[in-house]
Every structure is written in structure tokens, then in C-alpha cells.
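A.B. asks: The structure's right below; bear with me while I get my questions together.
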Amino acid sequence: SERIFANHYRVAYFGRHFEHLDGQECVYREPAAVRIAEFSQRMQAQYSRRFGGVEVPLLSNAKPVNRTTADADKPAMQIVSVEPHFDADERRRRRTEFQRSFNVDTFAYENAFVPDGKPKDSIVHQHVRRTIIRTETAFPALRKRVRVVDKRNEILPPAVVACDGIVSKCAALEAEIGSDEPDTKKLQIILQGSLLLQINAGPLAVFEAFLGGDGSSDVKHDASHLDALRDAMVRFTRDLEQGVALNKRLIGVEQQDLQVMLEQGFHKFRLRVHELDDRVDAPKGSVQ
């Protein structure tokens, strides 16, 4: 049976009711079945009871909390889901999901924003504030809650955000392609999410926005970031080709219609990527 790993949530506490926890942050480890809504409701109920029925609201995760303007007499919490975070060398060492789920003391969460604060629809304007936190001890731990002892922020420009997203998809695909026992369901989720989408959705839309021109000529991106995105696009196309071939070997007769749609989707995907970067060969033949 498939291993079930944990979810992690960062909780920040505000207000004198929390005593020594006021202004502190902790990471909680929860079973995989416990989603953030359930966890948040439980935490609110737990502390409300502890404080004699005082309401404990949740603060927005959209931006950091300004403690100088917060009312110390009113308890509040900010809760956000966090993921294990590794630098490039650590990711190479931790190749399996199991390795990336144990002995972890560094986590990250992200918030998208536009620098001038004006709402914009295009992803070419969206920056990301990545907050990286380190806990006092590594998870899994004897304690369910571990204090955060270090925190730093990174601001990622739009092209880097896009590249990171594609690289993550590559890693997920490559994990199944390189597995002795690939998970057909996981593989198909990635393939369908990349190849069977409507126009202006998914990875191809990302490439189009940054590399194909979408009318956003007012946005200037660092050339090295665009080069990295092109490299990720080429890598992802090759991974998709292997993924579609792997799916064909794994499925039964009952899923042949899905396979045909995936192959057709990949043909169109590859054709457009070839137009954006000739390092990817044009597909042979035509869509059936």
C-alpha cells in the first residue's frame, strides 16, 4: 500500500492571551488526512476554550502581520500550510518522497503579489514572496509542535516563479518515469493537467505568456531567467513524451481512449513548443 506522509502547518500567535507564545511561530505535524480548514477550526476551538470562550480569529495569510498595529488584548492566529524546503544540492540527495519527508527542519510557504499593488491578470506580472522557516528540531519529532527559530524571505520575479513551477512538474514526472513501480494515477494526473486543458491554461500557457508574446510588452524580464524557463520547457517536453509512452505500457484496454487523447494533446503541445524553441523537434505526422 502507498505510504501516507504528513501535512505541516505554521501557526503564528498574537496577543497577551498566548503568554509566552505571543509573537512566536511554531510548525505542527498532522496526519495527511487533516486538511488546513479542519486544523484551523480545531486550533480556534482549542484556544477559545482555553481563554474562557474568547473568540480567536484567523488573520489573512496574504501579507505579514504588523504587530505594531495589532491589538495585544485580542488573541489571533495566522495559519498557513508549509512544505519541506531544500536547496538544489539537498534535492539531488533526497531523491524519493520518503527521503523528502523525514529529518526535515526547513519549510517554506509562498504569497503572490504585484509590486505596485494594482490587480493584474497576467502571470507575467506576478511576483512571489517565499518565506523560508527553520524549526528548532527536525520532523518527525517527539513533539507534535516545534518552535520556529529562523525565518527569511525571498522575492521571486515572475519568470523565476514560472520556471520553478515547471521544474516541480518535471520532478514529479521524472519520479514516476524512474520508479520501479510507477503510480499510474499520479502519472495520469500530471499528463492530463498538462495536455488535456482548454486554451490559456496549464504549462503551455506559461510558455506562451513569457516566450510567445501575449501583449505584455511593458514587462521586461531578466534574460537569464527566460533562458532558464526555455531550458525547463525543453526538459518538460521530453519528460511528457516519456510519460505518455510509459502510460501506454501501464494501462489496459479500458483506458485506450484516454491514451489516444494524451497522444493527440502531446502532438499539439510539442508542435507549439517547437515554434517557441527549435531545440524541440517538430512532431512527426499529424493529429488523428
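Ligands are numbered from 1 in the order shown, chains are lettered A, B, ... in the order of the C-alpha cells, and residues start at 1 in each chain.
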Would you return as a list in words the members of segment 208-241 of chain A that DSSP assigns to helix (DSSP H, G or I) on this structure's backbone?

C.D. replies: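 In segment 208-241 of chain A, DSSP puts these residues in helix (DSSP H, G or I): Glu208, Ala209, Phe210, Leu211, Gly212, Ala223, Ser224, His225, Leu226, Asp227, Ala228, Leu229, Arg230, Asp231, Ala232, Met233, Val234, Arg235, Phe236, Thr237, Arg238, Asp239, Leu240 and Glu241 of chain A.
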
A.B. asks: Would you list, as number ranges by chain, the residues of segment 18-264 of chain A that end up in strand (DSSP E) under DSSP run on this structure's backbone?

C.D. replies: A: 25-30, 76-84, 104-113, 127-139, 145-156

A.B. asks: Which residues, written as a PyMOL selection string, have at least one atom at most 12 Å from Gln41 of chain A, with only C-alpha atoms counted and residues fewer than 6 positions away on the same chain left out?

C.D. replies: chain A and resi 34-35+47-48+55-58+77+79

A.B. asks: Mind pulling up the distance from atom CA of Pro157 of chain A to atom CA of Phe210 of chain A?

C.D. replies: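 If I compute the distance from atom CA of Phe210 of chain A to atom CA of Pro157 of chain A, I get 12.2 Å.
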
A.B. asks: If I take atom CA of Val11 of chain A and atom CA of Gln78 of chain A, how far is one from the other in Å, to one decimal?

C.D. replies: 5.7 Å
